[in-house]
file query38.txt (compact mmCIF, C-alpha atoms)
# COMPACT_ATOMS: atom_id res chain seq x y z
CA MET A 3 27.58 0.23 14.81
CA PRO A 4 28.62 1.19 11.27
CA VAL A 5 27.61 4.68 10.24
CA ARG A 6 25.59 3.35 7.34
CA THR A 7 23.45 1.13 9.58
CA GLN A 8 22.87 4.07 11.90
CA ALA A 9 21.77 6.19 8.97
CA LEU A 10 19.41 3.47 7.79
CA ARG A 11 17.96 3.14 11.27
CA ALA A 12 17.33 6.86 11.43
CA LEU A 13 15.62 6.48 8.08
CA VAL A 14 12.96 3.99 9.16
CA MET A 15 12.12 5.88 12.34
CA GLN A 16 10.75 8.91 10.58
CA LEU A 17 7.58 8.17 8.71
CA PRO A 18 7.37 10.17 5.52
CA ILE A 19 4.02 10.54 3.84
CA ASP A 20 5.23 8.30 1.06
CA PRO A 21 6.38 4.98 2.56
CA ASP A 22 7.94 3.84 -0.72
CA LEU A 23 10.34 6.72 -0.59
CA ASP A 24 13.68 6.03 1.00
CA VAL A 25 16.58 8.18 -0.01
CA PRO A 26 19.51 5.79 0.23
CA PHE A 27 22.92 7.02 1.22
CA ASP A 28 25.08 5.22 -1.29
CA ARG A 29 24.79 2.83 -4.19
CA HIS A 30 25.39 -0.20 -1.98
CA ASP A 31 22.42 0.59 0.31
CA ARG A 32 20.26 1.33 -2.68
CA ARG A 33 21.03 -2.07 -4.22
CA ARG A 34 20.26 -3.90 -0.99
CA ILE A 35 16.95 -2.09 -0.63
CA VAL A 36 15.97 -2.76 -4.26
CA ILE A 37 16.66 -6.50 -3.73
CA LEU A 38 14.47 -6.55 -0.60
CA VAL A 39 11.67 -4.68 -2.38
CA ALA A 40 11.85 -7.11 -5.33
CA ALA A 41 11.77 -10.18 -3.04
CA GLY A 42 8.77 -8.85 -1.12
CA GLY A 43 7.06 -7.89 -4.38
CA ALA A 44 7.49 -11.42 -5.78
CA VAL A 45 5.97 -13.06 -2.68
CA GLY A 46 3.19 -10.45 -2.48
CA SER A 47 2.27 -10.96 -6.14
CA LEU A 48 2.20 -14.75 -5.72
CA ALA A 49 -0.05 -14.35 -2.66
CA ARG A 50 -2.36 -12.03 -4.62
CA ALA A 51 -2.59 -14.55 -7.48
CA ALA A 52 -3.34 -17.32 -4.95
CA VAL A 53 -6.19 -15.29 -3.42
CA ALA A 54 -7.55 -14.62 -6.93
CA ILE A 55 -7.58 -18.34 -7.69
CA ALA A 56 -9.11 -19.27 -4.32
CA THR A 57 -11.87 -16.68 -4.78
CA PRO A 58 -13.40 -17.15 -8.24
CA VAL A 59 -15.16 -14.02 -9.45
CA ALA A 60 -17.65 -13.91 -12.35
CA ALA A 61 -16.42 -11.77 -15.27
CA HIS A 62 -18.82 -8.98 -14.35
CA GLY A 63 -19.55 -9.90 -10.75
CA TRP A 64 -18.48 -8.31 -7.49
CA PRO A 65 -14.61 -8.43 -7.38
CA THR A 66 -14.25 -10.04 -3.94
CA ALA A 67 -10.65 -11.19 -4.47
CA THR A 68 -9.18 -7.76 -5.31
CA LEU A 69 -11.28 -6.04 -2.64
CA THR A 70 -9.96 -8.53 -0.08
CA VAL A 71 -6.26 -8.14 -0.98
CA ASN A 72 -6.55 -4.34 -1.07
CA VAL A 73 -8.32 -4.05 2.28
CA VAL A 74 -6.10 -6.64 4.00
CA GLY A 75 -2.91 -5.24 2.42
CA SER A 76 -3.81 -1.66 3.43
CA ALA A 77 -4.37 -2.82 7.02
CA LEU A 78 -1.09 -4.77 7.04
CA LEU A 79 0.92 -1.79 5.73
CA ALA A 80 -0.67 0.51 8.31
CA ILE A 81 0.07 -1.97 11.12
CA LEU A 82 3.66 -2.37 9.93
CA LEU A 83 4.42 1.34 9.56
CA ALA A 84 2.64 2.27 12.80
CA THR A 85 4.59 -0.44 14.67
CA LEU A 86 7.91 0.71 13.22
CA HIS A 87 7.04 4.28 14.17
CA GLU A 88 5.53 3.77 17.64
CA ARG A 89 8.10 1.26 18.79
CA ALA A 90 10.98 3.00 16.97
CA VAL A 91 11.94 -0.42 15.64
CA ALA A 92 15.44 -0.39 14.23
CA ALA A 93 14.91 -3.13 11.62
CA TRP A 94 15.94 -1.17 8.51
CA TRP A 95 15.00 -4.09 6.26
CA ALA A 96 11.38 -4.30 7.43
CA ARG A 97 9.88 -1.44 5.46
CA PRO A 98 11.44 -2.26 2.06
CA LEU A 99 10.80 -6.02 2.37
CA LEU A 100 7.40 -6.14 4.10
CA GLY A 101 5.96 -2.70 3.30
CA THR A 102 7.11 -1.49 -0.11
CA GLY A 103 7.72 -5.06 -1.31
CA PHE A 104 5.11 -7.40 0.13
CA CYS A 105 2.17 -5.05 0.81
CA GLY A 106 2.83 -3.13 -2.41
CA GLY A 107 2.99 -6.33 -4.46
CA PHE A 108 0.03 -7.91 -2.66
CA THR A 109 -2.30 -4.95 -3.26
CA THR A 110 -3.04 -3.61 -6.72
CA PHE A 111 -4.46 -0.45 -8.20
CA SER A 112 -4.30 -1.59 -11.83
CA THR A 113 -6.60 -4.60 -11.40
CA PHE A 114 -8.94 -2.42 -9.36
CA ALA A 115 -9.08 0.15 -12.19
CA VAL A 116 -9.55 -2.49 -14.90
CA GLU A 117 -12.31 -4.26 -12.94
CA PHE A 118 -14.16 -0.95 -12.71
CA THR A 119 -13.71 -0.40 -16.45
CA THR A 120 -14.94 -3.86 -17.54
CA ARG A 121 -18.02 -3.60 -15.31
CA THR A 122 -19.01 -0.13 -16.52
CA ALA A 123 -18.40 -1.30 -20.12
CA GLN A 124 -20.91 -4.11 -19.51
CA SER A 125 -23.40 -1.56 -18.07
CA HIS A 126 -22.97 -2.69 -14.49
CA ALA A 127 -22.33 0.91 -13.45
CA PRO A 128 -23.95 0.76 -9.97
CA LEU A 129 -21.85 -2.30 -9.09
CA ALA A 130 -18.72 -0.61 -10.49
CA PHE A 131 -19.20 2.60 -8.50
CA GLY A 132 -20.16 0.63 -5.39
CA TYR A 133 -16.92 -1.33 -5.81
CA VAL A 134 -14.83 1.86 -5.99
CA VAL A 135 -16.47 3.37 -2.90
CA ALA A 136 -16.21 0.08 -0.98
CA SER A 137 -12.51 -0.31 -1.88
CA VAL A 138 -11.54 3.19 -0.74
CA VAL A 139 -13.75 3.33 2.37
CA LEU A 140 -12.99 -0.19 3.63
CA SER A 141 -9.23 0.16 2.99
CA LEU A 142 -9.09 3.47 4.86
CA ALA A 143 -11.19 2.05 7.71
CA ALA A 144 -9.04 -1.09 7.94
CA ALA A 145 -5.84 1.00 7.98
CA VAL A 146 -7.19 3.35 10.68
CA LEU A 147 -8.26 0.32 12.73
CA GLY A 148 -4.78 -1.16 12.31
CA ILE A 149 -3.09 2.05 13.48
CA VAL A 150 -5.42 2.34 16.50
CA VAL A 151 -4.79 -1.29 17.49
CA VAL A 152 -1.02 -0.74 17.30
CA ARG A 153 -1.18 2.51 19.29
CA VAL A 154 -3.40 0.98 21.99
CA GLY A 155 -1.19 -2.11 22.10
CA VAL A 156 1.93 0.02 22.50
CA ARG A 157 0.35 2.02 25.34
CA LEU A 158 -0.79 -1.15 27.12
CA THR A 159 2.55 -2.88 26.88
CA ASP A 160 4.65 0.19 27.57
CA ARG A 161 5.50 -0.41 31.23
CA SER A 162 6.79 3.03 32.05
CA ALA A 163 3.63 4.63 30.66
CA TRP A 164 1.58 2.10 32.62
CA HIS A 165 3.32 2.99 35.86
CA ARG A 166 2.94 6.70 35.15
CA ARG A 167 -0.80 6.21 34.67
CA LEU A 168 -1.03 4.12 37.81
CA ARG A 169 0.76 6.77 39.88
CA HIS A 170 -1.42 9.46 38.35
CA ALA A 171 -4.60 7.50 39.16
CA THR A 172 -3.47 6.81 42.73
CA ALA A 173 -2.51 10.44 43.25
CA SER A 174 -5.87 11.76 42.02
CA ARG A 175 -7.77 9.24 44.13
CA THR A 176 -5.79 10.30 47.21
CA SER A 177 -6.44 13.98 46.55
CA MET A 178 -10.15 13.26 46.10
CA ALA A 179 -10.21 11.45 49.43
CA ASP A 180 -8.42 14.44 50.99
CA GLU A 181 -11.04 16.82 49.64
CA GLU A 182 -13.87 14.64 50.97
CA SER A 183 -12.36 14.46 54.44
CA THR A 184 -11.92 18.24 54.73
CA MET B 24 -2.42 -21.28 -13.68
CA THR B 25 0.46 -23.34 -15.04
CA GLY B 26 3.87 -23.64 -13.38
CA TRP B 27 5.48 -21.17 -15.78
CA GLU B 28 2.68 -18.69 -15.22
CA TRP B 29 3.38 -18.75 -11.45
CA VAL B 30 7.09 -18.19 -12.15
CA LEU B 31 6.28 -15.21 -14.38
CA VAL B 32 3.91 -13.74 -11.78
CA ALA B 33 6.77 -13.83 -9.24
CA VAL B 34 9.33 -12.37 -11.66
CA GLY B 35 6.91 -9.71 -12.91
CA GLY B 36 5.94 -8.84 -9.34
CA ALA B 37 9.60 -8.49 -8.33
CA VAL B 38 10.41 -6.24 -11.30
CA GLY B 39 7.20 -4.24 -10.78
CA ALA B 40 7.82 -3.61 -7.08
CA ALA B 41 11.47 -2.67 -7.64
CA GLY B 42 10.37 -0.45 -10.54
CA ARG B 43 7.84 1.26 -8.26
CA TYR B 44 10.51 1.96 -5.64
CA LEU B 45 12.94 3.39 -8.22
CA THR B 46 10.26 5.37 -10.09
CA ASP B 47 8.94 6.86 -6.87
CA GLY B 48 12.43 8.00 -5.90
CA ALA B 49 13.12 9.45 -9.34
CA VAL B 50 9.80 11.35 -9.39
CA PHE B 51 10.50 12.71 -5.90
CA ARG B 52 13.92 13.98 -6.97
CA HIS B 53 12.57 15.61 -10.11
CA SER B 54 9.36 17.15 -8.81
CA ARG B 55 8.90 20.11 -6.53
CA ALA B 56 6.08 18.41 -4.58
CA ARG B 57 7.35 17.53 -1.11
CA THR B 58 4.16 16.25 0.56
CA PHE B 59 1.73 15.41 -2.26
CA PRO B 60 2.46 11.81 -3.41
CA VAL B 61 3.00 12.52 -7.12
CA GLY B 62 5.12 9.37 -7.57
CA THR B 63 2.47 6.88 -6.45
CA LEU B 64 -0.17 8.76 -8.42
CA LEU B 65 1.91 8.53 -11.61
CA ILE B 66 2.68 4.84 -10.96
CA ASN B 67 -0.95 3.89 -10.37
CA VAL B 68 -2.19 5.79 -13.43
CA THR B 69 0.42 4.38 -15.83
CA GLY B 70 0.10 0.85 -14.40
CA SER B 71 -3.68 0.99 -14.80
CA ALA B 72 -3.29 2.20 -18.39
CA LEU B 73 -0.89 -0.66 -19.18
CA LEU B 74 -3.18 -3.31 -17.68
CA GLY B 75 -6.17 -1.89 -19.58
CA ALA B 76 -4.26 -2.36 -22.83
CA LEU B 77 -3.10 -5.85 -21.84
CA LEU B 78 -6.48 -7.24 -20.85
CA VAL B 79 -7.11 -8.52 -24.41
CA THR B 80 -4.12 -10.86 -23.98
CA ALA B 81 -5.64 -12.50 -20.89
CA ASN B 82 -7.21 -15.39 -22.79
CA LYS B 83 -4.93 -15.53 -25.84
CA HIS B 84 -1.46 -15.22 -24.34
CA GLY B 85 -1.54 -16.60 -20.81
CA LEU B 86 2.20 -16.24 -20.23
CA VAL B 87 2.29 -12.59 -21.33
CA TYR B 88 -0.68 -11.72 -19.15
CA ALA B 89 0.71 -13.62 -16.13
CA GLY B 90 4.11 -11.91 -16.36
CA ILE B 91 3.22 -8.37 -17.39
CA GLY B 92 -0.44 -8.16 -16.31
CA ILE B 93 -0.72 -10.02 -13.01
CA GLY B 94 2.97 -9.81 -12.12
CA PHE B 95 4.38 -6.50 -13.33
CA CYS B 96 1.26 -4.27 -13.31
CA GLY B 97 0.09 -5.75 -9.99
CA GLY B 98 3.51 -5.36 -8.37
CA PHE B 99 4.10 -1.91 -9.88
CA THR B 100 0.79 -0.38 -8.76
CA THR B 101 -0.23 -0.34 -5.13
CA PHE B 102 -3.39 0.19 -3.13
CA SER B 103 -1.81 -0.07 0.33
CA THR B 104 0.53 2.88 -0.21
CA PHE B 105 -2.36 4.87 -1.71
CA THR B 106 -4.39 4.23 1.47
CA TRP B 107 -1.47 5.06 3.77
CA GLU B 108 -0.61 8.29 1.96
CA THR B 109 -4.24 9.43 2.14
CA LEU B 110 -4.29 8.84 5.90
CA ALA B 111 -0.88 10.44 6.39
CA LEU B 112 -1.95 13.60 4.53
CA ALA B 113 -5.16 13.78 6.58
CA GLU B 114 -3.34 13.18 9.87
CA ASP B 115 -0.70 15.78 9.03
CA GLY B 116 -3.40 18.44 8.81
CA MET B 117 -3.90 18.39 5.04
CA PRO B 118 -7.40 16.94 4.65
CA ARG B 119 -8.01 18.78 1.38
CA ALA B 120 -4.81 17.37 -0.12
CA ALA B 121 -5.91 13.90 1.07
CA LEU B 122 -9.28 14.27 -0.64
CA GLY B 123 -7.63 15.68 -3.76
CA TYR B 124 -5.22 12.74 -3.83
CA VAL B 125 -8.06 10.19 -3.62
CA LEU B 126 -10.08 11.96 -6.33
CA ALA B 127 -7.06 12.42 -8.62
CA SER B 128 -6.05 8.75 -8.25
CA LEU B 129 -9.56 7.50 -8.94
CA VAL B 130 -10.43 9.84 -11.82
CA LEU B 131 -7.04 9.57 -13.59
CA GLY B 132 -6.47 5.85 -12.86
CA LEU B 133 -9.94 4.68 -13.86
CA THR B 134 -10.01 6.95 -16.94
CA ALA B 135 -6.57 5.76 -18.05
CA ALA B 136 -7.66 2.11 -17.80
CA ALA B 137 -10.93 2.86 -19.63
CA ILE B 138 -9.13 4.63 -22.51
CA THR B 139 -6.54 1.91 -23.13
CA TYR B 140 -9.11 -0.86 -22.62
CA SER B 141 -11.47 0.56 -25.25
CA ALA B 142 -8.59 1.35 -27.64
CA ALA B 143 -7.07 -2.15 -27.44
call {"tool": "encode", "arguments": {"input": "query38.txt", "output": "structure tokens"}}
result
Amino acid sequence: MPVRTQALRALVMQLPIDPDLDVPFDRHDRRRIVILVAAGGAVGSLARAAVAIATPVAAHGWPTATLTVNVVGSALLAILLATLHERAVAAWWARPLLGTGFCGGFTTFSTFAVEFTTRTAQSHAPLAFGYVVASVVLSLAAAVLGIVVVRVGVRLTDRSAWHRRLRHATASRTSMADEEST
Amino acid sequence: MTGWEWVLVAVGGAVGAAGRYLTDGAVFRHSRARTFPVGTLLINVTGSALLGALLVTANKHGLVYAGIGIGFCGGFTTFSTFTWETLALAEDGMPRAALGYVLASLVLGLTAAAITYSAA
């Protein structure tokens, strides 16, 4: 395996707090990653525009479309990063293309901020503040749920862990039976 | 949306996402913060300010709004990374930093959009 690929693999296995932050090793890697991020961002933005068109929202109504993309996109990013981390997936392209690119382009903070502004400007303050709280709380909840699902799924499908648990359970049951018989 | 508007959304989204990746890296290299996500905070605040200023073009200049508003600003700013960073800070034993990050993003981002929106 080329050294560069190894380095990139090591890169995606450690989850930094900021998932957009890769420190590439040379100009060539950096260019490849930027292209992947741009491609994912284009598709994500198109998908976001499609959701906005499919979900018409009144000028000062509840912003269902943006809330949906932000909650769904937050869950998708959490599922992606948790999967890459838990399974130690060596697909170096996955985070720039699907995470930084697609999820980043699909979700939006600017539209969220502007929707809050236009609704407070039209004295719909309770709706505006409710929207902010709902966006943050639901996105965090969806992301936590995504991480939990991935972690449970990994435990369930991890055969060695399964066998360890099975042995452990059998051993404890046997020792309990021993105690009862004595 | 017209065909050209879709094209501009894709192009703007590509440039915005790539710009976010490069900006985030540049901010990380030039700031002393190693755990607090200063880069995403800066990106979300400036992107919100830009969209606030652009909102007046939404009905008058559809192509400009599609490319720079929906495409660039939407691709540049991110809610998913904001959510992930908040969780990562909390899970890494920095709940106060996580709360501070959420409050800073909301207060600065929403204020920035409000200022440029009312000025435009």
call {"tool": "interface_residues", "arguments": {"input": "query38.txt", "of": "chain A", "to": "chain B", "cutoff": "8 Å", "atoms": "only C-alpha atoms", "output": "mmCIF file with C-alpha atoms, in the coordinates of the input"}}
result
data_model
loop_
_atom_site.group_PDB
_atom_site.id
_atom_site.type_symbol
_atom_site.label_atom_id
_atom_site.label_comp_id
_atom_site.auth_asym_id
_atom_site.auth_seq_id
_atom_site.Cartn_x
_atom_site.Cartn_y
_atom_site.Cartn_z
ATOM 1 C CA ILE A 19 4.020 10.540 3.840
ATOM 2 C CA ASP A 20 5.230 8.300 1.060
ATOM 3 C CA PRO A 21 6.380 4.980 2.560
ATOM 4 C CA ASP A 22 7.940 3.840 -0.720
ATOM 5 C CA LEU A 23 10.340 6.720 -0.590
ATOM 6 C CA ASP A 24 13.680 6.030 1.000
ATOM 7 C CA VAL A 25 16.580 8.180 -0.010
ATOM 8 C CA VAL A 36 15.970 -2.760 -4.260
ATOM 9 C CA ILE A 37 16.660 -6.500 -3.730
ATOM 10 C CA VAL A 39 11.670 -4.680 -2.380
ATOM 11 C CA ALA A 40 11.850 -7.110 -5.330
ATOM 12 C CA ALA A 41 11.770 -10.180 -3.040
ATOM 13 C CA GLY A 42 8.770 -8.850 -1.120
ATOM 14 C CA GLY A 43 7.060 -7.890 -4.380
ATOM 15 C CA ALA A 44 7.490 -11.420 -5.780
ATOM 16 C CA VAL A 45 5.970 -13.060 -2.680
ATOM 17 C CA GLY A 46 3.190 -10.450 -2.480
ATOM 18 C CA SER A 47 2.270 -10.960 -6.140
ATOM 19 C CA LEU A 48 2.200 -14.750 -5.720
ATOM 20 C CA ALA A 51 -2.590 -14.550 -7.480
ATOM 21 C CA ASN A 72 -6.550 -4.340 -1.070
ATOM 22 C CA VAL A 73 -8.320 -4.050 2.280
ATOM 23 C CA GLY A 75 -2.910 -5.240 2.420
ATOM 24 C CA SER A 76 -3.810 -1.660 3.430
ATOM 25 C CA ALA A 77 -4.370 -2.820 7.020
ATOM 26 C CA LEU A 79 0.920 -1.790 5.730
ATOM 27 C CA ALA A 80 -0.670 0.510 8.310
ATOM 28 C CA THR A 102 7.110 -1.490 -0.110
ATOM 29 C CA GLY A 103 7.720 -5.060 -1.310
ATOM 30 C CA CYS A 105 2.170 -5.050 0.810
ATOM 31 C CA GLY A 106 2.830 -3.130 -2.410
ATOM 32 C CA GLY A 107 2.990 -6.330 -4.460
ATOM 33 C CA PHE A 108 0.030 -7.910 -2.660
ATOM 34 C CA THR A 109 -2.300 -4.950 -3.260
ATOM 35 C CA THR A 110 -3.040 -3.610 -6.720
ATOM 36 C CA PHE A 111 -4.460 -0.450 -8.200
ATOM 37 C CA SER A 112 -4.300 -1.590 -11.830
ATOM 38 C CA THR A 113 -6.600 -4.600 -11.400
ATOM 39 C CA ALA A 115 -9.080 0.150 -12.190
ATOM 40 C CA VAL A 116 -9.550 -2.490 -14.900
ATOM 41 C CA PHE A 118 -14.160 -0.950 -12.710
ATOM 42 C CA THR A 119 -13.710 -0.400 -16.450
ATOM 43 C CA VAL A 138 -11.540 3.190 -0.740
ATOM 44 C CA SER A 141 -9.230 0.160 2.990
ATOM 45 C CA LEU A 142 -9.090 3.470 4.860
ATOM 46 C CA ALA A 145 -5.840 1.000 7.980
ATOM 47 C CA VAL A 146 -7.190 3.350 10.680
#
call {"tool": "closest_residue", "arguments": {"input": "query38.txt", "among": "B:Glu28, B:Leu64, B:Ser54, B:Tyr124", "to": "His84 of chain B", "atoms": "only C-alpha atoms"}}
result
B:Glu28
call {"tool": "atom_distance", "arguments": {"input": "query38.txt", "atom1": "atom CA of Arg50 of chain A", "atom2": "atom CA of Val71 of chain A"}}
result
6.6 Å
call {"tool": "atom_distance", "arguments": {"input": "query38.txt", "atom1": "atom CA of Leu147 of chain A", "atom2": "atom CA of Leu78 of chain A"}}
result
10.5 Å
call {"tool": "atom_distance", "arguments": {"input": "query38.txt", "atom1": "atom CA of Leu38 of chain A", "atom2": "atom CA of Gly155 of chain A"}}
result
27.9 Å
call {"tool": "axis_aligned_box", "arguments": {"input": "query38.txt", "around": "segment 110-122 of chain B", "padding_each_side": "4 Å", "output": "JSON"}}
result
{"center_x": -5.0, "center_y": 13.8, "center_z": 4.6, "size_x": 16.6, "size_y": 17.9, "size_z": 18.5}
call {"tool": "decode", "arguments": {"input": "query38.txt", "residues": "segment 77-129 of chain B", "atoms": "C-alpha atoms", "output": "short mmCIF file (atom, residue, chain, number, x, y, z; two decimals), in the first residue's frame"}}
result
data_model
loop_
_atom_site.label_atom_id
_atom_site.label_comp_id
_atom_site.auth_asym_id
_atom_site.auth_seq_id
_atom_site.Cartn_x
_atom_site.Cartn_y
_atom_site.Cartn_z
CA LEU B 77 -28.77 38.65 -0.24
CA LEU B 78 -32.37 37.94 0.71
CA VAL B 79 -33.57 41.10 -1.08
CA THR B 80 -32.36 39.58 -4.37
CA ALA B 81 -34.55 36.49 -3.93
CA ASN B 82 -37.43 37.83 -6.01
CA LYS B 83 -35.58 40.30 -8.24
CA HIS B 84 -32.52 38.35 -9.34
CA GLY B 85 -33.36 34.66 -9.30
CA LEU B 86 -30.03 33.54 -10.78
CA VAL B 87 -27.95 35.50 -8.25
CA TYR B 88 -29.98 34.17 -5.35
CA ALA B 89 -29.87 30.57 -6.65
CA GLY B 90 -26.09 30.63 -7.13
CA ILE B 91 -24.89 32.67 -4.16
CA GLY B 92 -27.84 32.34 -1.76
CA ILE B 93 -29.12 28.77 -2.08
CA GLY B 94 -25.92 27.34 -3.55
CA PHE B 95 -22.92 29.09 -2.01
CA CYS B 96 -24.32 30.18 1.39
CA GLY B 97 -26.12 26.85 1.84
CA GLY B 98 -23.06 24.81 0.87
CA PHE B 99 -20.66 27.03 2.85
CA THR B 100 -22.61 26.93 6.13
CA THR B 101 -23.46 23.66 7.82
CA PHE B 102 -25.82 22.45 10.50
CA SER B 103 -24.67 18.81 10.54
CA THR B 104 -21.09 19.67 11.51
CA PHE B 105 -22.41 22.11 14.13
CA THR B 106 -24.48 19.28 15.66
CA TRP B 107 -21.60 16.79 15.52
CA GLU B 108 -19.10 19.19 17.08
CA THR B 109 -21.51 19.94 19.93
CA LEU B 110 -21.91 16.22 20.65
CA ALA B 111 -18.17 15.57 20.30
CA LEU B 112 -17.33 18.33 22.81
CA ALA B 113 -19.93 16.98 25.25
CA GLU B 114 -18.76 13.39 24.84
CA ASP B 115 -15.12 14.39 25.28
CA GLY B 116 -15.92 15.75 28.73
CA MET B 117 -16.34 19.41 27.79
CA PRO B 118 -20.06 20.02 28.34
CA ARG B 119 -19.54 23.70 29.11
CA ALA B 120 -17.63 24.21 25.86
CA ALA B 121 -20.46 22.39 24.03
CA LEU B 122 -23.07 24.70 25.55
CA GLY B 123 -20.90 27.73 24.85
CA TYR B 124 -20.49 26.63 21.24
CA VAL B 125 -24.26 26.27 20.74
CA LEU B 126 -24.97 29.65 22.36
CA ALA B 127 -22.17 31.42 20.45
CA SER B 128 -23.33 29.96 17.12
CA LEU B 129 -26.95 30.91 17.74
#
